[in-house]
There are 2 protein chains.
Amino acid sequence: MTGRRQEIRERNRLSLIEAVLDSVAEKGISETSVSEIIQRAELSRGMIHLHFGGKDNLVNEAARYSSEQYYNGIYALLETTGQTGQEHIEMIVRGDLGETILNKKSVSIWYAFRGEARNRAAIAAFSDTRDAKLRNLVFNAFARIAKEAEIEHPNQVARDATHGTLAMLEGMWTDYLLHPDSFDRTEAIRIIFRFLSSMFPNHFDLGGALSPK
Amino acid sequence: MTGRRQEIRERNRLSLIEAVLDSVAEKGISETSVSEIIQRAELSRGMIHLHFGGKDNLVNEAARYSSEQYYNGIYALLETTGQTGQEHIEMIVRGDLGETILNKKSVSIWYAFRGEARNRAAIAAFSDTRDAKLRNLVFNAFARIAKEAEIEHPNQVARDATHGTLAMLEGMWTDYLLHPDSFDRTEAIRIIFRFLSSMFPNHFDLGGALSPK
DNA sequence: TCACAAAATGGACAATCGTCCATTTAAATC
DNA sequence: GATTTAAATGGACGATTGTCCATTTTGTGA
């Protein structure tokens with residue numbers, strides 16, 4: 001049997017990353033120590049140095065991993081929906097605010113890393129990557145919608161709609177962070193579509209995307 | 001000369017709080033140690049224990065102080081403007097995104113504390129207070145606007161507009177956090193008013209508030 | 001000016017931090 | 001089954017953490 005060695009190695013590596021994320025979610029970054037991590041991963045002290053060369057690198061890898069998980073989740077959803085611009089937007093809004101992507105653990109982790117982003121270039125970079133990818137998806141959808149709507153300055157409107165929608169989603173995440181138990185996903189989604197249906201009445205209503213005429 | 005003793009005492013107390021905020025802004029929460037704080041405040045090691053009973057209490061006080069500063073800033077602006085709903089909204093939007101309130105230091109501090117909010121009840125409480133006060137101001141303004149606009153369900157619309165606008169402001173702060181140098185305040189403001197002018201075309205345009213007819 | 005007391009000092013302290021490496025374990029190869 | 005070697009272990013290490021208090025400083029009132 002070959003490869004077993006490497007298989008265990010990679011499993012341990014992943015255990016460390018997941019231990020960091022669990023700890024960050026439960027206790028915050030400042031209480032995520034080496035002792036805390038290896039205890040959760042049920043591995044020995046030296047493993048962090050062996051696999052990552054130090055605690056900081058491990059934390060950075062955990063941030064990257066978490067960021068990739070988010071984007072993969074959104075992207076997977078996009079492949080299950082229709083191809084109109086408004087369908088894409090609806091899927092992104094519903095996905096970004098759905099239980100799978102927005103939950104207590106993910107939001108704790110995300111904001112914990114954000115809080116460190118200003119002082120850790122590596123973490124800021126992953127935060128950015130996630131943003132840029134999503135922004136592109138959303139802009140392409142709004143660009144199509146704005147063109148179809150036959151309004152003036154469709155490109156600028158698409159840019160503004162992208163910026164505004166993403167900002168609103170971001171703000172909804174903050175609401176959830178601060179009040180996870182009273183947060184109302186349905187209401188959050190309706191609010192976003194209320195704004196979008198005012199801007200593009202032929203493409204959205206309060207319930208989400210409209211079929212093309 | 002009496003009171004001089006207490007005056008020095010309070011100045012030192014404040015120095016400690018400001019030292020915490022400076023350190024959090026520059027190095028993040030996890031690197032804000034007792035040594036770092038007393039070095040910045042140019043005071044002795046024992047002062048933290050003497051004035052606050054421990055480091056955690058001091059950090060909590062710093063979070064409260066910072067939160068109060070924000071609200072005071074917004075509130076001061078409100079007193080310099082007209083009294084229509086749309087003027088209030090415009091002032092809050094412009095104020096919240098203006099240099100005085102939104103700058104590199106304030107945003108670093110705010111997001112650093114947010115990242116800890118999930119794991120420190122005291123900090124979450126201040127975060128909430130700031131939110132609740134602002135939410136109230138904004139809702140009252142939109143309630144007047146929605147009533148004037150003579151639309152259906154004015155109360156629900158006002159609630160949604162409040163929620164959406166605050167979420168967008170929140171999202172703009174995040175943009176600034178991640179890209180303080182390329183962030184465009186004018187653009188951010190225009191985007192918000194683009195959304196608002198779609199919802200309330202008689203009250204807003206891309207430039208902000210409209211005079212009542 | 002002197003005695004009193006409040007405030008500030010700065011070092012001692014145990015606990016914990018992250019790093020590193022000599023040693024042990026166990027998979028892979030012969 | 002014996003040998004090789006990569007991976008994992010866990011304790012030693014110096015540095016740093018936050019707390020606390022015996023001592024010193026300094027403003028206040030007699």
# chains A, B, ... in the order shown; residues from 1 in each chain; ligands from 1
$ calpha_fit_and_write --fixed "chain B" --moving "chain A" --output "PDB file with C-alpha atoms, in the first residue's frame"
ATOM      1  CA  MET A   1      -5.360  74.900  44.418  1.00  0.00           C
ATOM      2  CA  THR A   2      -7.826  72.037  44.753  1.00  0.00           C
ATOM      3  CA  GLY A   3      -8.885  69.393  42.291  1.00  0.00           C
ATOM      4  CA  ARG A   4      -5.455  69.261  40.698  1.00  0.00           C
ATOM      5  CA  ARG A   5      -4.999  65.781  42.055  1.00  0.00           C
ATOM      6  CA  GLN A   6      -8.191  64.531  40.474  1.00  0.00           C
ATOM      7  CA  GLU A   7      -7.470  66.374  37.266  1.00  0.00           C
ATOM      8  CA  ILE A   8      -4.174  64.516  36.805  1.00  0.00           C
ATOM      9  CA  ARG A   9      -5.866  61.279  37.730  1.00  0.00           C
ATOM     10  CA  GLU A  10      -8.482  61.684  35.045  1.00  0.00           C
ATOM     11  CA  ARG A  11      -5.978  62.762  32.477  1.00  0.00           C
ATOM     12  CA  ASN A  12      -4.005  59.579  33.113  1.00  0.00           C
ATOM     13  CA  ARG A  13      -7.137  57.503  32.898  1.00  0.00           C
ATOM     14  CA  LEU A  14      -7.909  59.001  29.525  1.00  0.00           C
ATOM     15  CA  SER A  15      -4.313  58.530  28.384  1.00  0.00           C
ATOM     16  CA  LEU A  16      -4.661  54.826  28.957  1.00  0.00           C
ATOM     17  CA  ILE A  17      -7.868  54.623  26.952  1.00  0.00           C
ATOM     18  CA  GLU A  18      -6.349  56.562  24.087  1.00  0.00           C
ATOM     19  CA  ALA A  19      -3.220  54.450  24.213  1.00  0.00           C
ATOM     20  CA  VAL A  20      -5.382  51.359  23.775  1.00  0.00           C
ATOM     21  CA  LEU A  21      -7.165  52.876  20.793  1.00  0.00           C
ATOM     22  CA  ASP A  22      -3.896  53.962  19.183  1.00  0.00           C
ATOM     23  CA  SER A  23      -2.427  50.535  19.661  1.00  0.00           C
ATOM     24  CA  VAL A  24      -5.521  48.732  18.397  1.00  0.00           C
ATOM     25  CA  ALA A  25      -5.559  50.962  15.339  1.00  0.00           C
ATOM     26  CA  GLU A  26      -1.888  50.465  14.584  1.00  0.00           C
ATOM     27  CA  LYS A  27      -1.182  46.907  15.684  1.00  0.00           C
ATOM     28  CA  GLY A  28      -4.514  45.200  16.196  1.00  0.00           C
ATOM     29  CA  ILE A  29      -6.075  43.767  19.328  1.00  0.00           C
ATOM     30  CA  SER A  30      -3.887  40.703  19.585  1.00  0.00           C
ATOM     31  CA  GLU A  31      -0.737  42.816  19.751  1.00  0.00           C
ATOM     32  CA  THR A  32      -2.143  45.304  22.194  1.00  0.00           C
ATOM     33  CA  SER A  33      -0.405  44.153  25.378  1.00  0.00           C
ATOM     34  CA  VAL A  34      -0.070  45.804  28.737  1.00  0.00           C
ATOM     35  CA  SER A  35       3.515  46.694  27.905  1.00  0.00           C
ATOM     36  CA  GLU A  36       2.448  48.272  24.634  1.00  0.00           C
ATOM     37  CA  ILE A  37      -0.262  50.313  26.327  1.00  0.00           C
ATOM     38  CA  ILE A  38       1.783  51.733  29.190  1.00  0.00           C
ATOM     39  CA  GLN A  39       4.614  52.564  26.841  1.00  0.00           C
ATOM     40  CA  ARG A  40       2.291  54.612  24.627  1.00  0.00           C
ATOM     41  CA  ALA A  41       0.640  56.292  27.606  1.00  0.00           C
ATOM     42  CA  GLU A  42       4.047  56.927  29.195  1.00  0.00           C
ATOM     43  CA  LEU A  43       2.757  55.656  32.478  1.00  0.00           C
ATOM     44  CA  SER A  44       3.804  52.904  34.797  1.00  0.00           C
ATOM     45  CA  ARG A  45       2.799  49.300  34.724  1.00  0.00           C
ATOM     46  CA  GLY A  46       0.581  49.413  37.767  1.00  0.00           C
ATOM     47  CA  MET A  47      -1.732  52.108  36.427  1.00  0.00           C
ATOM     48  CA  ILE A  48      -3.951  49.749  34.493  1.00  0.00           C
ATOM     49  CA  HIS A  49      -4.709  47.705  37.545  1.00  0.00           C
ATOM     50  CA  LEU A  50      -5.154  50.864  39.628  1.00  0.00           C
ATOM     51  CA  HIS A  51      -7.574  52.612  37.294  1.00  0.00           C
ATOM     52  CA  PHE A  52      -9.422  49.749  35.678  1.00  0.00           C
ATOM     53  CA  GLY A  53      -8.718  46.675  37.771  1.00  0.00           C
ATOM     54  CA  GLY A  54      -7.225  44.827  34.829  1.00  0.00           C
ATOM     55  CA  LYS A  55      -6.499  44.915  31.144  1.00  0.00           C
ATOM     56  CA  ASP A  56      -9.836  43.491  29.998  1.00  0.00           C
ATOM     57  CA  ASN A  57     -11.817  46.219  31.714  1.00  0.00           C
ATOM     58  CA  LEU A  58      -9.593  48.845  30.174  1.00  0.00           C
ATOM     59  CA  VAL A  59     -10.144  47.434  26.708  1.00  0.00           C
ATOM     60  CA  ASN A  60     -13.886  47.397  27.291  1.00  0.00           C
ATOM     61  CA  GLU A  61     -13.827  51.015  28.382  1.00  0.00           C
ATOM     62  CA  ALA A  62     -11.855  51.889  25.278  1.00  0.00           C
ATOM     63  CA  ALA A  63     -14.514  50.209  23.148  1.00  0.00           C
ATOM     64  CA  ARG A  64     -17.246  52.187  24.891  1.00  0.00           C
ATOM     65  CA  TYR A  65     -15.320  55.422  24.505  1.00  0.00           C
ATOM     66  CA  SER A  66     -14.791  54.836  20.815  1.00  0.00           C
ATOM     67  CA  SER A  67     -18.442  53.976  20.318  1.00  0.00           C
ATOM     68  CA  GLU A  68     -19.533  57.167  22.078  1.00  0.00           C
ATOM     69  CA  GLN A  69     -17.223  59.250  19.968  1.00  0.00           C
ATOM     70  CA  TYR A  70     -18.842  57.925  16.807  1.00  0.00           C
ATOM     71  CA  TYR A  71     -22.354  58.681  17.928  1.00  0.00           C
ATOM     72  CA  ASN A  72     -21.437  62.122  19.218  1.00  0.00           C
ATOM     73  CA  GLY A  73     -19.950  62.925  15.831  1.00  0.00           C
ATOM     74  CA  ILE A  74     -23.099  61.951  13.958  1.00  0.00           C
ATOM     75  CA  TYR A  75     -25.344  63.671  16.415  1.00  0.00           C
ATOM     76  CA  ALA A  76     -23.386  66.925  16.234  1.00  0.00           C
ATOM     77  CA  LEU A  77     -23.775  66.954  12.465  1.00  0.00           C
ATOM     78  CA  LEU A  78     -27.513  66.420  12.710  1.00  0.00           C
ATOM     79  CA  GLU A  79     -27.912  69.608  14.697  1.00  0.00           C
ATOM     80  CA  THR A  80     -26.409  71.690  11.914  1.00  0.00           C
ATOM     81  CA  THR A  81     -28.870  70.696   9.203  1.00  0.00           C
ATOM     82  CA  GLY A  82     -32.457  71.277   8.173  1.00  0.00           C
ATOM     83  CA  GLN A  83     -35.361  69.362   9.638  1.00  0.00           C
ATOM     84  CA  THR A  84     -36.912  67.483   6.722  1.00  0.00           C
ATOM     85  CA  GLY A  85     -36.556  63.710   6.653  1.00  0.00           C
ATOM     86  CA  GLN A  86     -34.505  63.762   3.483  1.00  0.00           C
ATOM     87  CA  GLU A  87     -32.126  66.357   4.926  1.00  0.00           C
ATOM     88  CA  HIS A  88     -31.554  64.171   7.963  1.00  0.00           C
ATOM     89  CA  ILE A  89     -30.835  61.168   5.794  1.00  0.00           C
ATOM     90  CA  GLU A  90     -28.488  63.127   3.602  1.00  0.00           C
ATOM     91  CA  MET A  91     -26.596  64.406   6.611  1.00  0.00           C
ATOM     92  CA  ILE A  92     -26.277  60.946   8.121  1.00  0.00           C
ATOM     93  CA  VAL A  93     -25.086  59.418   4.859  1.00  0.00           C
ATOM     94  CA  ARG A  94     -22.597  62.203   4.180  1.00  0.00           C
ATOM     95  CA  GLY A  95     -21.494  62.276   7.791  1.00  0.00           C
ATOM     96  CA  ASP A  96     -21.060  58.533   8.124  1.00  0.00           C
ATOM     97  CA  LEU A  97     -18.883  58.507   5.022  1.00  0.00           C
ATOM     98  CA  GLY A  98     -17.045  61.768   5.688  1.00  0.00           C
ATOM     99  CA  GLU A  99     -13.407  62.096   6.685  1.00  0.00           C
ATOM    100  CA  THR A 100     -14.203  63.092  10.256  1.00  0.00           C
ATOM    101  CA  ILE A 101     -16.072  59.898  11.064  1.00  0.00           C
ATOM    102  CA  LEU A 102     -14.728  57.438   8.539  1.00  0.00           C
ATOM    103  CA  ASN A 103     -10.934  57.425   8.505  1.00  0.00           C
ATOM    104  CA  LYS A 104      -8.134  54.898   8.704  1.00  0.00           C
ATOM    105  CA  LYS A 105      -7.901  55.023  12.444  1.00  0.00           C
ATOM    106  CA  SER A 106     -11.614  54.803  13.195  1.00  0.00           C
ATOM    107  CA  VAL A 107     -12.187  51.988  10.755  1.00  0.00           C
ATOM    108  CA  SER A 108      -9.274  49.952  12.086  1.00  0.00           C
ATOM    109  CA  ILE A 109     -10.529  50.302  15.619  1.00  0.00           C
ATOM    110  CA  TRP A 110     -14.115  49.579  14.762  1.00  0.00           C
ATOM    111  CA  TYR A 111     -13.407  46.376  12.847  1.00  0.00           C
ATOM    112  CA  ALA A 112     -10.875  45.192  15.387  1.00  0.00           C
ATOM    113  CA  PHE A 113     -13.502  45.403  18.105  1.00  0.00           C
ATOM    114  CA  ARG A 114     -16.164  43.885  15.873  1.00  0.00           C
ATOM    115  CA  GLY A 115     -13.922  40.899  15.387  1.00  0.00           C
ATOM    116  CA  GLU A 116     -13.904  40.391  19.110  1.00  0.00           C
ATOM    117  CA  ALA A 117     -17.566  41.182  19.654  1.00  0.00           C
ATOM    118  CA  ARG A 118     -18.685  37.601  19.208  1.00  0.00           C
ATOM    119  CA  ASN A 119     -16.498  36.514  22.095  1.00  0.00           C
ATOM    120  CA  ARG A 120     -16.725  39.495  24.418  1.00  0.00           C
ATOM    121  CA  ALA A 121     -20.175  40.382  25.558  1.00  0.00           C
ATOM    122  CA  ALA A 122     -19.182  43.827  26.805  1.00  0.00           C
ATOM    123  CA  ILE A 123     -17.892  44.892  23.425  1.00  0.00           C
ATOM    124  CA  ALA A 124     -20.915  43.516  21.611  1.00  0.00           C
ATOM    125  CA  ALA A 125     -23.105  45.633  23.856  1.00  0.00           C
ATOM    126  CA  PHE A 126     -21.439  48.918  22.828  1.00  0.00           C
ATOM    127  CA  SER A 127     -21.548  47.901  19.222  1.00  0.00           C
ATOM    128  CA  ASP A 128     -25.273  47.414  19.670  1.00  0.00           C
ATOM    129  CA  THR A 129     -25.876  50.688  21.419  1.00  0.00           C
ATOM    130  CA  ARG A 130     -24.265  52.634  18.620  1.00  0.00           C
ATOM    131  CA  ASP A 131     -26.419  50.767  16.167  1.00  0.00           C
ATOM    132  CA  ALA A 132     -29.696  51.199  17.979  1.00  0.00           C
ATOM    133  CA  LYS A 133     -29.302  54.958  18.364  1.00  0.00           C
ATOM    134  CA  LEU A 134     -28.467  55.487  14.725  1.00  0.00           C
ATOM    135  CA  ARG A 135     -31.230  53.151  13.571  1.00  0.00           C
ATOM    136  CA  ASN A 136     -33.763  55.194  15.437  1.00  0.00           C
ATOM    137  CA  LEU A 137     -32.667  58.438  13.842  1.00  0.00           C
ATOM    138  CA  VAL A 138     -32.764  56.950  10.379  1.00  0.00           C
ATOM    139  CA  PHE A 139     -36.112  55.267  10.842  1.00  0.00           C
ATOM    140  CA  ASN A 140     -37.795  58.445  12.021  1.00  0.00           C
ATOM    141  CA  ALA A 141     -36.559  60.245   8.936  1.00  0.00           C
ATOM    142  CA  PHE A 142     -37.716  57.519   6.539  1.00  0.00           C
ATOM    143  CA  ALA A 143     -41.058  57.244   8.299  1.00  0.00           C
ATOM    144  CA  ARG A 144     -41.737  60.884   7.496  1.00  0.00           C
ATOM    145  CA  ILE A 145     -40.541  60.452   3.938  1.00  0.00           C
ATOM    146  CA  ALA A 146     -42.655  57.350   3.360  1.00  0.00           C
ATOM    147  CA  LYS A 147     -45.713  59.085   4.724  1.00  0.00           C
ATOM    148  CA  GLU A 148     -45.184  62.082   2.465  1.00  0.00           C
ATOM    149  CA  ALA A 149     -44.660  59.812  -0.530  1.00  0.00           C
ATOM    150  CA  GLU A 150     -48.191  58.449  -0.108  1.00  0.00           C
ATOM    151  CA  ILE A 151     -47.236  54.890  -0.917  1.00  0.00           C
ATOM    152  CA  GLU A 152     -48.724  51.654   0.287  1.00  0.00           C
ATOM    153  CA  HIS A 153     -47.478  50.204   3.592  1.00  0.00           C
ATOM    154  CA  PRO A 154     -45.434  53.301   4.449  1.00  0.00           C
ATOM    155  CA  ASN A 155     -44.272  51.833   7.744  1.00  0.00           C
ATOM    156  CA  GLN A 156     -42.908  48.667   6.262  1.00  0.00           C
ATOM    157  CA  VAL A 157     -41.240  50.613   3.474  1.00  0.00           C
ATOM    158  CA  ALA A 158     -39.660  52.916   6.056  1.00  0.00           C
ATOM    159  CA  ARG A 159     -38.372  49.924   8.002  1.00  0.00           C
ATOM    160  CA  ASP A 160     -36.925  48.336   4.893  1.00  0.00           C
ATOM    161  CA  ALA A 161     -35.360  51.579   3.736  1.00  0.00           C
ATOM    162  CA  THR A 162     -33.767  52.004   7.163  1.00  0.00           C
ATOM    163  CA  HIS A 163     -32.435  48.489   7.220  1.00  0.00           C
ATOM    164  CA  GLY A 164     -31.161  48.681   3.662  1.00  0.00           C
ATOM    165  CA  THR A 165     -29.539  52.079   4.001  1.00  0.00           C
ATOM    166  CA  LEU A 166     -27.730  51.153   7.188  1.00  0.00           C
ATOM    167  CA  ALA A 167     -26.609  47.897   5.648  1.00  0.00           C
ATOM    168  CA  MET A 168     -25.236  49.775   2.663  1.00  0.00           C
ATOM    169  CA  LEU A 169     -23.384  52.225   4.872  1.00  0.00           C
ATOM    170  CA  GLU A 170     -21.943  49.294   6.767  1.00  0.00           C
ATOM    171  CA  GLY A 171     -20.781  47.767   3.518  1.00  0.00           C
ATOM    172  CA  MET A 172     -19.183  51.020   2.433  1.00  0.00           C
ATOM    173  CA  TRP A 173     -17.188  51.012   5.644  1.00  0.00           C
ATOM    174  CA  THR A 174     -15.936  47.569   4.763  1.00  0.00           C
ATOM    175  CA  ASP A 175     -14.883  48.811   1.335  1.00  0.00           C
ATOM    176  CA  TYR A 176     -12.971  51.565   3.013  1.00  0.00           C
ATOM    177  CA  LEU A 177     -11.394  49.135   5.467  1.00  0.00           C
ATOM    178  CA  LEU A 178     -10.077  46.995   2.652  1.00  0.00           C
ATOM    179  CA  HIS A 179      -9.051  49.785   0.255  1.00  0.00           C
ATOM    180  CA  PRO A 180      -8.652  53.010   2.189  1.00  0.00           C
ATOM    181  CA  ASP A 181      -6.564  54.657  -0.500  1.00  0.00           C
ATOM    182  CA  SER A 182      -8.667  53.901  -3.539  1.00  0.00           C
ATOM    183  CA  PHE A 183     -12.008  54.345  -1.796  1.00  0.00           C
ATOM    184  CA  ASP A 184     -14.093  57.076  -3.412  1.00  0.00           C
ATOM    185  CA  ARG A 185     -16.360  58.834  -0.939  1.00  0.00           C
ATOM    186  CA  THR A 186     -18.253  60.718  -3.635  1.00  0.00           C
ATOM    187  CA  GLU A 187     -19.023  57.513  -5.475  1.00  0.00           C
ATOM    188  CA  ALA A 188     -20.142  55.765  -2.303  1.00  0.00           C
ATOM    189  CA  ILE A 189     -22.541  58.601  -1.532  1.00  0.00           C
ATOM    190  CA  ARG A 190     -23.875  58.687  -5.089  1.00  0.00           C
ATOM    191  CA  ILE A 191     -24.571  54.952  -5.010  1.00  0.00           C
ATOM    192  CA  ILE A 192     -26.646  55.221  -1.878  1.00  0.00           C
ATOM    193  CA  PHE A 193     -28.639  58.104  -3.338  1.00  0.00           C
ATOM    194  CA  ARG A 194     -29.103  56.197  -6.546  1.00  0.00           C
ATOM    195  CA  PHE A 195     -30.894  53.508  -4.579  1.00  0.00           C
ATOM    196  CA  LEU A 196     -32.819  56.026  -2.495  1.00  0.00           C
ATOM    197  CA  SER A 197     -33.863  58.105  -5.493  1.00  0.00           C
ATOM    198  CA  SER A 198     -35.312  54.981  -7.107  1.00  0.00           C
ATOM    199  CA  MET A 199     -37.363  54.319  -4.010  1.00  0.00           C
ATOM    200  CA  PHE A 200     -38.359  57.911  -3.277  1.00  0.00           C
ATOM    201  CA  PRO A 201     -38.016  59.889  -6.531  1.00  0.00           C
ATOM    202  CA  ASN A 202     -39.710  62.952  -5.053  1.00  0.00           C
ATOM    203  CA  HIS A 203     -37.350  63.137  -2.117  1.00  0.00           C
ATOM    204  CA  PHE A 204     -33.895  62.254  -3.449  1.00  0.00           C
ATOM    205  CA  ASP A 205     -31.816  62.465  -6.568  1.00  0.00           C
ATOM    206  CA  LEU A 206     -28.253  61.323  -7.275  1.00  0.00           C
ATOM    207  CA  GLY A 207     -26.928  64.407  -5.494  1.00  0.00           C
ATOM    208  CA  GLY A 208     -28.810  63.865  -2.256  1.00  0.00           C
ATOM    209  CA  ALA A 209     -31.914  65.416  -0.714  1.00  0.00           C
ATOM    210  CA  LEU A 210     -34.528  67.283  -2.761  1.00  0.00           C
ATOM    211  CA  SER A 211     -36.403  70.273  -1.391  1.00  0.00           C
ATOM    212  CA  PRO A 212     -40.001  69.470  -0.515  1.00  0.00           C
ATOM    213  CA  LYS A 213     -42.335  70.458  -3.304  1.00  0.00           C
TER     214      LYS A 213
END
$ interface_residues --of "chain C" --to "chain A" --cutoff "12 Å" --atoms "only C-alpha atoms (C1' of nucleotides)" --output "PDB file with N, CA and C atoms (P, O5', C5', C4', C3', O3' and C1' of nucleotides), in the first residue's frame"
ATOM      1  P    DT C  16      -1.866  29.069  32.787  1.00  0.00           P
ATOM      2  O5'  DT C  16      -1.337  29.581  31.379  1.00  0.00           O
ATOM      3  C5'  DT C  16      -1.628  30.906  30.958  1.00  0.00           C
ATOM      4  C4'  DT C  16      -0.689  31.280  29.839  1.00  0.00           C
ATOM      5  C3'  DT C  16      -0.638  30.263  28.690  1.00  0.00           C
ATOM      6  O3'  DT C  16      -1.275  30.838  27.560  1.00  0.00           O
ATOM      7  C1'  DT C  16       1.505  31.147  29.247  1.00  0.00           C
ATOM      8  P    DC C  17      -1.435  30.052  26.203  1.00  0.00           P
ATOM      9  O5'  DC C  17      -0.324  30.717  25.273  1.00  0.00           O
ATOM     10  C5'  DC C  17      -0.316  32.134  25.109  1.00  0.00           C
ATOM     11  C4'  DC C  17       1.004  32.566  24.498  1.00  0.00           C
ATOM     12  C3'  DC C  17       1.472  31.703  23.344  1.00  0.00           C
ATOM     13  O3'  DC C  17       0.878  32.161  22.149  1.00  0.00           O
ATOM     14  C1'  DC C  17       3.276  32.198  24.843  1.00  0.00           C
ATOM     15  P    DG C  18       0.800  31.169  20.943  1.00  0.00           P
ATOM     16  O5'  DG C  18       2.283  31.135  20.385  1.00  0.00           O
ATOM     17  C5'  DG C  18       2.877  32.320  19.896  1.00  0.00           C
ATOM     18  C4'  DG C  18       4.291  32.024  19.445  1.00  0.00           C
ATOM     19  C3'  DG C  18       4.397  30.978  18.335  1.00  0.00           C
ATOM     20  O3'  DG C  18       5.416  31.386  17.432  1.00  0.00           O
ATOM     21  C1'  DG C  18       5.574  30.222  20.236  1.00  0.00           C
ATOM     22  P    DT C  19       5.847  30.410  16.229  1.00  0.00           P
ATOM     23  O5'  DT C  19       7.242  29.813  16.754  1.00  0.00           O
ATOM     24  C5'  DT C  19       8.232  30.714  17.226  1.00  0.00           C
ATOM     25  C4'  DT C  19       9.492  29.962  17.612  1.00  0.00           C
ATOM     26  C3'  DT C  19       9.998  28.976  16.557  1.00  0.00           C
ATOM     27  O3'  DT C  19      11.382  29.197  16.381  1.00  0.00           O
ATOM     28  C1'  DT C  19       9.747  27.868  18.648  1.00  0.00           C
ATOM     29  P    DC C  20      12.139  28.500  15.126  1.00  0.00           P
ATOM     30  O5'  DC C  20      12.826  27.219  15.787  1.00  0.00           O
ATOM     31  C5'  DC C  20      13.618  27.397  16.953  1.00  0.00           C
ATOM     32  C4'  DC C  20      13.878  26.048  17.594  1.00  0.00           C
ATOM     33  C3'  DC C  20      14.318  24.944  16.612  1.00  0.00           C
ATOM     34  O3'  DC C  20      15.530  24.410  17.087  1.00  0.00           O
ATOM     35  C1'  DC C  20      12.649  24.156  18.058  1.00  0.00           C
ATOM     36  P    DC C  21      16.592  23.771  16.031  1.00  0.00           P
ATOM     37  O5'  DC C  21      17.056  22.458  16.805  1.00  0.00           O
ATOM     38  C5'  DC C  21      17.089  22.449  18.234  1.00  0.00           C
ATOM     39  C4'  DC C  21      16.746  21.053  18.748  1.00  0.00           C
ATOM     40  C3'  DC C  21      17.205  19.910  17.820  1.00  0.00           C
ATOM     41  O3'  DC C  21      17.685  18.852  18.620  1.00  0.00           O
ATOM     42  C1'  DC C  21      14.929  19.692  18.259  1.00  0.00           C
ATOM     43  P    DA C  26       3.199   3.744  16.577  1.00  0.00           P
ATOM     44  O5'  DA C  26       3.413   3.678  15.004  1.00  0.00           O
ATOM     45  C5'  DA C  26       3.077   4.800  14.200  1.00  0.00           C
ATOM     46  C4'  DA C  26       3.565   4.573  12.788  1.00  0.00           C
ATOM     47  C3'  DA C  26       3.241   3.198  12.209  1.00  0.00           C
ATOM     48  O3'  DA C  26       3.007   3.340  10.832  1.00  0.00           O
ATOM     49  C1'  DA C  26       5.503   3.548  12.046  1.00  0.00           C
ATOM     50  P    DA C  27       1.665   2.651  10.194  1.00  0.00           P
ATOM     51  O5'  DA C  27       1.781   3.039   8.656  1.00  0.00           O
ATOM     52  C5'  DA C  27       1.956   4.405   8.297  1.00  0.00           C
ATOM     53  C4'  DA C  27       3.014   4.532   7.217  1.00  0.00           C
ATOM     54  C3'  DA C  27       2.864   3.576   6.031  1.00  0.00           C
ATOM     55  O3'  DA C  27       3.049   4.309   4.843  1.00  0.00           O
ATOM     56  C1'  DA C  27       5.030   3.372   6.930  1.00  0.00           C
ATOM     57  P    DA C  28       2.853   3.637   3.389  1.00  0.00           P
ATOM     58  O5'  DA C  28       4.361   3.361   2.927  1.00  0.00           O
ATOM     59  C5'  DA C  28       5.236   4.471   2.790  1.00  0.00           C
ATOM     60  C4'  DA C  28       6.594   3.992   2.290  1.00  0.00           C
ATOM     61  C3'  DA C  28       6.547   3.069   1.074  1.00  0.00           C
ATOM     62  O3'  DA C  28       7.510   3.532   0.138  1.00  0.00           O
ATOM     63  C1'  DA C  28       7.770   2.036   2.828  1.00  0.00           C
ATOM     64  P    DT C  29       7.693   2.798  -1.267  1.00  0.00           P
ATOM     65  O5'  DT C  29       8.997   1.917  -1.025  1.00  0.00           O
ATOM     66  C5'  DT C  29      10.229   2.552  -0.672  1.00  0.00           C
ATOM     67  C4'  DT C  29      11.264   1.492  -0.360  1.00  0.00           C
ATOM     68  C3'  DT C  29      11.450   0.436  -1.446  1.00  0.00           C
ATOM     69  O3'  DT C  29      12.807   0.455  -1.886  1.00  0.00           O
ATOM     70  C1'  DT C  29      11.297  -0.566   0.714  1.00  0.00           C
TER      71       DT C  29
END
$ interface_residues --of "chain D" --to "chain B" --cutoff "9 Å" --atoms "only C-alpha atoms (C1' of nucleotides)" --output "JSON, numbers by chain"
{"D": [17, 18, 19, 20, 27, 28]}
$ atom_distance --atom1 "atom C1' of C:DT24" --atom2 "atom C1' of D:DG10"
10.1 Å
$ select_by_dssp --residues "stretch 42-182 of chain A" --states "alpha helix (DSSP H)" --output "ChimeraX atom specification"
/A:47-52,55-78,85-96,104-117,121-148,154-178
$ select_by_dssp --residues "chain A" --states "strand (DSSP E)" --output "PyMOL selection string"
chain A and resi 204-205+208-209
$ decode --residues "stretch 5-16 of chain C" --atoms "C-alpha atoms (C1' of nucleotides)" --output "PDB file, in the first residue's frame"
ATOM      1  C1'  DA C   5      -2.842  60.448  52.316  1.00  0.00           C
ATOM      2  C1'  DA C   6      -3.789  59.634  47.665  1.00  0.00           C
ATOM      3  C1'  DA C   7      -1.640  58.427  43.454  1.00  0.00           C
ATOM      4  C1'  DA C   8       1.994  56.584  40.753  1.00  0.00           C
ATOM      5  C1'  DT C   9       5.958  53.650  40.284  1.00  0.00           C
ATOM      6  C1'  DG C  10       8.411  49.584  38.679  1.00  0.00           C
ATOM      7  C1'  DG C  11       9.914  45.139  39.682  1.00  0.00           C
ATOM      8  C1'  DA C  12       8.612  40.321  41.316  1.00  0.00           C
ATOM      9  C1'  DC C  13       5.694  36.644  40.139  1.00  0.00           C
ATOM     10  C1'  DA C  14       3.554  32.532  38.127  1.00  0.00           C
ATOM     11  C1'  DA C  15       1.458  31.433  33.918  1.00  0.00           C
ATOM     12  C1'  DT C  16       1.505  31.147  29.247  1.00  0.00           C
TER      13       DT C  16
END
